file query27.cif (mmCIF, C-alpha atoms and all ligand atoms)
data_model
#
loop_
_atom_site.label_atom_id
_atom_site.label_comp_id
_atom_site.auth_asym_id
_atom_site.auth_seq_id
_atom_site.Cartn_x
_atom_site.Cartn_y
_atom_site.Cartn_z
CA MET A 1 -48.21 80.62 -18.23
CA LYS A 2 -44.53 80.62 -19.25
CA LYS A 3 -42.98 77.17 -18.98
CA LEU A 4 -39.32 76.73 -18.06
CA ALA A 5 -37.04 73.70 -18.38
CA ILE A 6 -33.93 73.50 -16.22
CA PHE A 7 -30.82 71.72 -17.52
CA ALA A 8 -28.37 70.55 -14.83
CA SER A 9 -25.47 68.11 -14.69
CA GLY A 10 -24.68 67.90 -11.00
CA SER A 11 -25.96 68.52 -7.53
CA GLY A 12 -28.76 70.84 -8.60
CA SER A 13 -28.94 73.12 -5.58
CA ASN A 14 -29.70 76.06 -7.90
CA ALA A 15 -32.32 73.99 -9.72
CA GLN A 16 -33.97 73.35 -6.36
CA LYS A 17 -33.91 77.04 -5.31
CA ILE A 18 -35.37 78.09 -8.65
CA THR A 19 -38.11 75.47 -8.49
CA GLU A 20 -39.03 76.48 -4.94
CA TYR A 21 -39.04 80.17 -5.88
CA PHE A 22 -41.58 79.65 -8.68
CA LYS A 23 -43.84 77.26 -6.74
CA ASN A 24 -47.35 78.76 -6.82
CA ASN A 25 -46.29 81.52 -9.21
CA PRO A 26 -49.33 82.32 -11.36
CA SER A 27 -47.42 83.11 -14.55
CA ILE A 28 -44.13 81.15 -14.53
CA CYS A 29 -43.63 77.46 -13.80
CA ILE A 30 -40.75 75.02 -13.79
CA ASP A 31 -42.06 72.29 -16.05
CA CYS A 32 -39.20 69.81 -16.01
CA ILE A 33 -35.54 69.16 -15.29
CA LEU A 34 -33.22 67.60 -17.85
CA SER A 35 -29.84 66.07 -17.07
CA ASN A 36 -27.04 64.56 -19.11
CA ARG A 37 -26.02 62.42 -16.13
CA LYS A 38 -28.18 59.56 -14.93
CA ASP A 39 -26.42 59.57 -11.54
CA SER A 40 -26.69 63.30 -10.87
CA TYR A 41 -28.21 64.34 -7.57
CA VAL A 42 -30.43 66.85 -9.36
CA LEU A 43 -32.60 63.91 -10.47
CA GLU A 44 -33.16 62.95 -6.85
CA ARG A 45 -34.09 66.55 -6.09
CA ALA A 46 -36.52 66.54 -9.03
CA LYS A 47 -38.25 63.52 -7.52
CA GLN A 48 -38.50 65.18 -4.13
CA LEU A 49 -39.79 68.38 -5.70
CA ASN A 50 -42.29 66.43 -7.75
CA ILE A 51 -40.93 67.75 -11.02
CA LYS A 52 -40.79 65.62 -14.14
CA SER A 53 -37.24 64.79 -15.25
CA PHE A 54 -35.55 63.48 -18.38
CA THR A 55 -32.03 62.24 -19.11
CA PHE A 56 -30.12 62.16 -22.34
CA ASP A 57 -26.68 61.12 -23.52
CA ARG A 58 -24.20 62.72 -25.87
CA THR A 59 -25.63 61.03 -28.97
CA ASP A 60 -29.18 62.07 -28.05
CA PHE A 61 -28.05 65.63 -27.56
CA TYR A 62 -25.79 66.22 -30.52
CA ASP A 63 -26.91 63.71 -33.14
CA THR A 64 -30.68 63.45 -32.65
CA ASP A 65 -33.63 65.74 -32.02
CA LYS A 66 -34.62 63.96 -28.80
CA VAL A 67 -34.07 66.93 -26.50
CA LEU A 68 -35.62 69.47 -28.85
CA ALA A 69 -38.62 67.16 -29.23
CA ILE A 70 -39.11 67.07 -25.45
CA LEU A 71 -38.91 70.87 -25.27
CA GLU A 72 -41.36 71.33 -28.14
CA GLU A 73 -43.83 68.69 -26.98
CA ARG A 74 -43.97 70.32 -23.58
CA ASN A 75 -44.21 73.85 -25.00
CA ILE A 76 -41.16 75.09 -23.15
CA ASP A 77 -40.64 78.86 -23.44
CA PHE A 78 -37.26 79.29 -21.71
CA ILE A 79 -34.30 77.05 -20.89
CA ILE A 80 -32.38 77.64 -17.67
CA LEU A 81 -28.87 76.22 -17.38
CA ALA A 82 -28.04 75.65 -13.72
CA GLY A 83 -24.71 73.88 -13.56
CA PHE A 84 -25.08 72.30 -17.01
CA LEU A 85 -21.70 71.45 -18.51
CA TRP A 86 -22.23 70.66 -22.18
CA LEU A 87 -22.26 73.14 -25.03
CA ILE A 88 -25.80 73.68 -26.34
CA PRO A 89 -26.16 72.47 -29.95
CA GLN A 90 -26.90 75.00 -32.66
CA LYS A 91 -30.39 73.70 -33.39
CA ILE A 92 -31.51 74.39 -29.80
CA ILE A 93 -29.77 77.81 -29.74
CA GLN A 94 -31.57 78.77 -32.95
CA LYS A 95 -34.97 77.63 -31.74
CA TYR A 96 -34.48 79.30 -28.32
CA SER A 97 -32.61 82.39 -29.38
CA ASN A 98 -32.42 84.79 -26.40
CA ARG A 99 -34.43 82.32 -24.36
CA ILE A 100 -31.58 80.30 -22.82
CA ILE A 101 -30.10 81.67 -19.61
CA ASN A 102 -26.96 80.42 -17.86
CA ILE A 103 -25.31 81.24 -14.57
CA HIS A 104 -21.52 81.26 -14.32
CA PRO A 105 -19.84 81.35 -10.89
CA ALA A 106 -17.39 84.19 -11.64
CA LEU A 107 -17.28 87.66 -13.11
CA LEU A 108 -17.13 87.00 -16.85
CA PRO A 109 -15.26 87.59 -19.11
CA LYS A 110 -12.72 86.53 -16.50
CA PHE A 111 -12.53 82.86 -15.51
CA GLY A 112 -14.85 81.50 -18.18
CA GLY A 113 -14.63 79.17 -21.14
CA LYS A 114 -14.35 75.45 -21.72
CA GLY A 115 -13.22 73.50 -18.65
CA MET A 116 -13.92 76.41 -16.31
CA PHE A 117 -16.56 74.95 -14.03
CA GLY A 118 -17.13 74.12 -10.39
CA ILE A 119 -14.23 74.39 -7.99
CA LYS A 120 -11.76 74.98 -10.87
CA VAL A 121 -13.22 78.45 -11.31
CA HIS A 122 -12.81 79.34 -7.65
CA GLN A 123 -9.31 77.82 -7.58
CA ALA A 124 -8.33 80.02 -10.53
CA VAL A 125 -9.77 83.11 -8.81
CA VAL A 126 -7.75 82.39 -5.63
CA ASP A 127 -4.58 81.56 -7.63
CA ALA A 128 -4.88 84.87 -9.48
CA GLY A 129 -5.07 86.78 -6.19
CA GLU A 130 -8.40 88.36 -7.15
CA LYS A 131 -9.94 90.71 -4.62
CA GLU A 132 -13.47 89.97 -5.75
CA SER A 133 -15.50 87.34 -7.50
CA GLY A 134 -19.20 86.83 -8.07
CA ILE A 135 -21.80 85.59 -10.50
CA THR A 136 -22.65 86.31 -14.11
CA ILE A 137 -26.10 85.54 -15.48
CA HIS A 138 -26.05 85.62 -19.27
CA TYR A 139 -27.77 84.55 -22.45
CA VAL A 140 -26.32 81.48 -24.09
CA ASN A 141 -24.84 81.35 -27.56
CA GLU A 142 -22.84 78.69 -29.36
CA ARG A 143 -19.63 79.43 -27.45
CA TYR A 144 -18.95 78.70 -23.76
CA ASP A 145 -19.70 81.68 -21.49
CA GLU A 146 -19.75 84.30 -24.26
CA GLY A 147 -23.43 85.28 -24.57
CA ALA A 148 -24.57 88.77 -23.57
CA THR A 149 -24.48 89.50 -19.86
CA ILE A 150 -27.82 90.07 -18.15
CA PHE A 151 -26.68 90.60 -14.57
CA GLN A 152 -23.62 90.42 -12.32
CA ALA A 153 -23.23 90.51 -8.54
CA LYS A 154 -19.97 90.62 -6.63
CA CYS A 155 -18.51 89.29 -3.39
CA LEU A 156 -15.19 90.04 -1.75
CA VAL A 157 -12.36 87.54 -1.80
CA ASP A 158 -10.08 87.73 1.25
CA PRO A 159 -6.41 86.83 1.01
CA ASN A 160 -7.08 83.87 3.32
CA ASP A 161 -10.04 82.53 1.38
CA THR A 162 -9.79 78.99 0.02
CA PRO A 163 -11.57 78.01 -3.21
CA GLU A 164 -14.21 76.37 -0.99
CA ASN A 165 -14.82 79.67 0.88
CA VAL A 166 -15.21 81.50 -2.41
CA ALA A 167 -17.59 78.79 -3.67
CA GLU A 168 -19.74 79.30 -0.60
CA LYS A 169 -19.92 83.06 -1.07
CA VAL A 170 -20.73 82.66 -4.75
CA HIS A 171 -23.42 80.06 -4.08
CA LYS A 172 -25.12 82.51 -1.71
CA LEU A 173 -25.24 85.09 -4.48
CA GLU A 174 -26.58 82.49 -6.91
CA TYR A 175 -29.43 81.51 -4.60
CA GLU A 176 -30.27 85.13 -3.90
CA TYR A 177 -30.26 86.48 -7.45
CA PHE A 178 -30.71 83.74 -10.04
CA PRO A 179 -34.45 83.12 -9.46
CA LYS A 180 -35.21 86.87 -9.38
CA VAL A 181 -33.26 87.58 -12.57
CA ILE A 182 -34.98 84.67 -14.32
CA GLU A 183 -38.32 86.11 -13.26
CA GLU A 184 -37.42 89.52 -14.69
CA VAL A 185 -36.22 88.14 -18.00
CA VAL A 186 -39.11 85.74 -18.46
CA SER A 187 -41.71 88.35 -17.60
CA GLY A 188 -39.99 90.77 -19.96
CA LEU A 189 -39.28 93.36 -17.27
C1 LIG D 1 -23.04 76.72 -9.79
O1 LIG D 1 -21.97 77.30 -9.11
C2 LIG D 1 -23.26 77.38 -11.12
O2 LIG D 1 -22.89 78.71 -11.15
C3 LIG D 1 -22.35 76.60 -12.00
O3 LIG D 1 -22.41 75.28 -11.53
C4 LIG D 1 -22.74 75.29 -10.15
C5 LIG D 1 -23.91 74.38 -9.95
O4 LIG D 1 -24.18 74.13 -8.60
N1 LIG D 1 -22.64 76.84 -13.37
P1 LIG D 1 -25.51 73.35 -8.24
O5 LIG D 1 -25.53 72.05 -9.05
O6 LIG D 1 -26.66 74.23 -8.58
O7 LIG D 1 -25.43 73.07 -6.78
#
call {"tool": "encode", "arguments": {"input": "query27.cif", "output": "structure tokens"}}
result
Amino acid sequence: MKKLAIFASGSGSNAQKITEYFKNNPSICIDCILSNRKDSYVLERAKQLNIKSFTFDRTDFYDTDKVLAILEERNIDFIILAGFLWLIPQKIIQKYSNRIINIHPALLPKFGGKGMFGIKVHQAVVDAGEKESGITIHYVNERYDEGATIFQAKCLVDPNDTPENVAEKVHKLEYEYFPKVIEEVVSGL
């Protein structure tokens, strides 16, 4: 059984979809959800989904081994970043080399990097007059949004689309593809 930990900072709708997708899967399970925000809705979802959750602060993450210890104690094989906003520290990247997967709500290398998250990404896409946007699922390295791409999917952006419209289209793609792509990577397909 491969064990996955999901890191999320916010609402956690992707975390929920992923957890539901792997429910009853014989070879992959979502073991726990970790959040850097005690008030994030993802923790409420974890409760409802009956998934163990952990929180940590900046000091825990960057100056101690608390998070790594949780991952090691629970024998986590892969880390999934689903709306997680902090840079992953080197010690976790090293330990989980090619085993940390992130989703970014745009077609990288465009519209990525520090500060490019949430509605800001979709606002930037609309402001740039882009005709398409989409999702990028990629491995994580020590720089924001620069790890090797695993998968991309596109959606059209109409001239009348607001950032909220684009967000909705992109979320649909995320829900459709992220769990499947995780399954492929984790099962080594
Ligand atoms: C998603 O759009 C994801 O691509 C991005 O953050 C958002 C998280 O949404 N990295 P949610 O918390 O899963 O609802």
call {"tool": "residues_around", "arguments": {"input": "query27.cif", "residues": "segment 138-153 of chain A", "least_positions_apart": "6", "cutoff": "8 Å", "atoms": "all atoms listed in the file", "output": "MDAnalysis selection string"}}
result
chainID A and resid 87:90 93 98:104 107:109 112:114 173 181
call {"tool": "residues_around", "arguments": {"input": "query27.cif", "residues": "segment 55-65 of chain A", "least_positions_apart": "4", "cutoff": "12 Å", "atoms": "all atoms listed in the file", "output": "PyMOL selection string"}}
result
chain A and resi 6-9+32-40+42-43+46+69-73+85-92+95
call {"tool": "write_last_selection", "arguments": {"input": "query27.cif", "atoms": "C-alpha atoms", "output": "short mmCIF file (atom, residue, chain, number, x, y, z; two decimals), in the coordinates of the input"}}
result
data_model
loop_
_atom_site.label_atom_id
_atom_site.label_comp_id
_atom_site.auth_asym_id
_atom_site.auth_seq_id
_atom_site.Cartn_x
_atom_site.Cartn_y
_atom_site.Cartn_z
CA ILE A 6 -33.93 73.50 -16.22
CA PHE A 7 -30.82 71.72 -17.52
CA ALA A 8 -28.37 70.55 -14.83
CA SER A 9 -25.47 68.11 -14.69
CA CYS A 32 -39.20 69.81 -16.01
CA ILE A 33 -35.54 69.16 -15.29
CA LEU A 34 -33.22 67.60 -17.85
CA SER A 35 -29.84 66.07 -17.07
CA ASN A 36 -27.04 64.56 -19.11
CA ARG A 37 -26.02 62.42 -16.13
CA LYS A 38 -28.18 59.56 -14.93
CA ASP A 39 -26.42 59.57 -11.54
CA SER A 40 -26.69 63.30 -10.87
CA VAL A 42 -30.43 66.85 -9.36
CA LEU A 43 -32.60 63.91 -10.47
CA ALA A 46 -36.52 66.54 -9.03
CA ALA A 69 -38.62 67.16 -29.23
CA ILE A 70 -39.11 67.07 -25.45
CA LEU A 71 -38.91 70.87 -25.27
CA GLU A 72 -41.36 71.33 -28.14
CA GLU A 73 -43.83 68.69 -26.98
CA LEU A 85 -21.70 71.45 -18.51
CA TRP A 86 -22.23 70.66 -22.18
CA LEU A 87 -22.26 73.14 -25.03
CA ILE A 88 -25.80 73.68 -26.34
CA PRO A 89 -26.16 72.47 -29.95
CA GLN A 90 -26.90 75.00 -32.66
CA LYS A 91 -30.39 73.70 -33.39
CA ILE A 92 -31.51 74.39 -29.80
CA LYS A 95 -34.97 77.63 -31.74
#
call {"tool": "closest_residue", "arguments": {"input": "query27.cif", "among": "A:Ala128, A:Val186, A:Ile18, A:Ile135", "to": "Pro163 of chain A", "atoms": "all atoms listed in the file"}}
result
A:Ala128
call {"tool": "closest_residue", "arguments": {"input": "query27.cif", "among": "A:Lys23, A:Lys66, A:Lys17, A:Lys154", "to": "ligand LIG 1 (chain D)", "atoms": "only C-alpha atoms and all ligand atoms"}}
result
A:Lys17
call {"tool": "residues_near_ligand", "arguments": {"input": "query27.cif", "ligand": "ligand LIG 1 (chain D)", "cutoff": "8 Å", "atoms": "all atoms listed in the file", "output": "compact mmCIF listing (two decimals) with C-alpha atoms, keeping the file's coordinate frame"}}
result
# COMPACT_ATOMS: atom_id res chain seq x y z
CA ALA A 8 -28.37 70.55 -14.83
CA SER A 9 -25.47 68.11 -14.69
CA GLY A 10 -24.68 67.90 -11.00
CA SER A 11 -25.96 68.52 -7.53
CA GLY A 12 -28.76 70.84 -8.60
CA SER A 13 -28.94 73.12 -5.58
CA ASN A 14 -29.70 76.06 -7.90
CA ALA A 15 -32.32 73.99 -9.72
CA GLN A 16 -33.97 73.35 -6.36
CA VAL A 42 -30.43 66.85 -9.36
CA LEU A 81 -28.87 76.22 -17.38
CA ALA A 82 -28.04 75.65 -13.72
CA GLY A 83 -24.71 73.88 -13.56
CA PHE A 84 -25.08 72.30 -17.01
CA LEU A 85 -21.70 71.45 -18.51
CA ASN A 102 -26.96 80.42 -17.86
CA ILE A 103 -25.31 81.24 -14.57
CA HIS A 104 -21.52 81.26 -14.32
CA PRO A 105 -19.84 81.35 -10.89
CA ALA A 106 -17.39 84.19 -11.64
CA PHE A 117 -16.56 74.95 -14.03
CA GLY A 118 -17.13 74.12 -10.39
CA ILE A 135 -21.80 85.59 -10.50
CA ALA A 167 -17.59 78.79 -3.67
CA VAL A 170 -20.73 82.66 -4.75
CA HIS A 171 -23.42 80.06 -4.08
CA GLU A 174 -26.58 82.49 -6.91
call {"tool": "atom_distance", "arguments": {"input": "query27.cif", "atom1": "atom CA of Ile79 of chain A", "atom2": "atom CA of Val166 of chain A"}}
result
26.9 Å
call {"tool": "atom_distance", "arguments": {"input": "query27.cif", "atom1": "atom CA of Gly115 of chain A", "atom2": "atom CA of Glu164 of chain A"}}
result
17.9 Å
call {"tool": "atom_distance", "arguments": {"input": "query27.cif", "atom1": "atom CA of Ile137 of chain A", "atom2": "atom CA of Ile119 of chain A"}}
result
17.9 Å
call {"tool": "closest_residue", "arguments": {"input": "query27.cif", "among": "A:Asp31, A:Glu130, A:Asp161, A:Glu176", "to": "Asn50 of chain A", "atoms": "all atoms listed in the file"}}
result
A:Asp31
call {"tool": "closest_residue", "arguments": {"input": "query27.cif", "among": "A:Met116, A:Val157, A:Leu4, A:Ala124", "to": "Glu183 of chain A", "atoms": "all atoms listed in the file"}}
result
A:Leu4
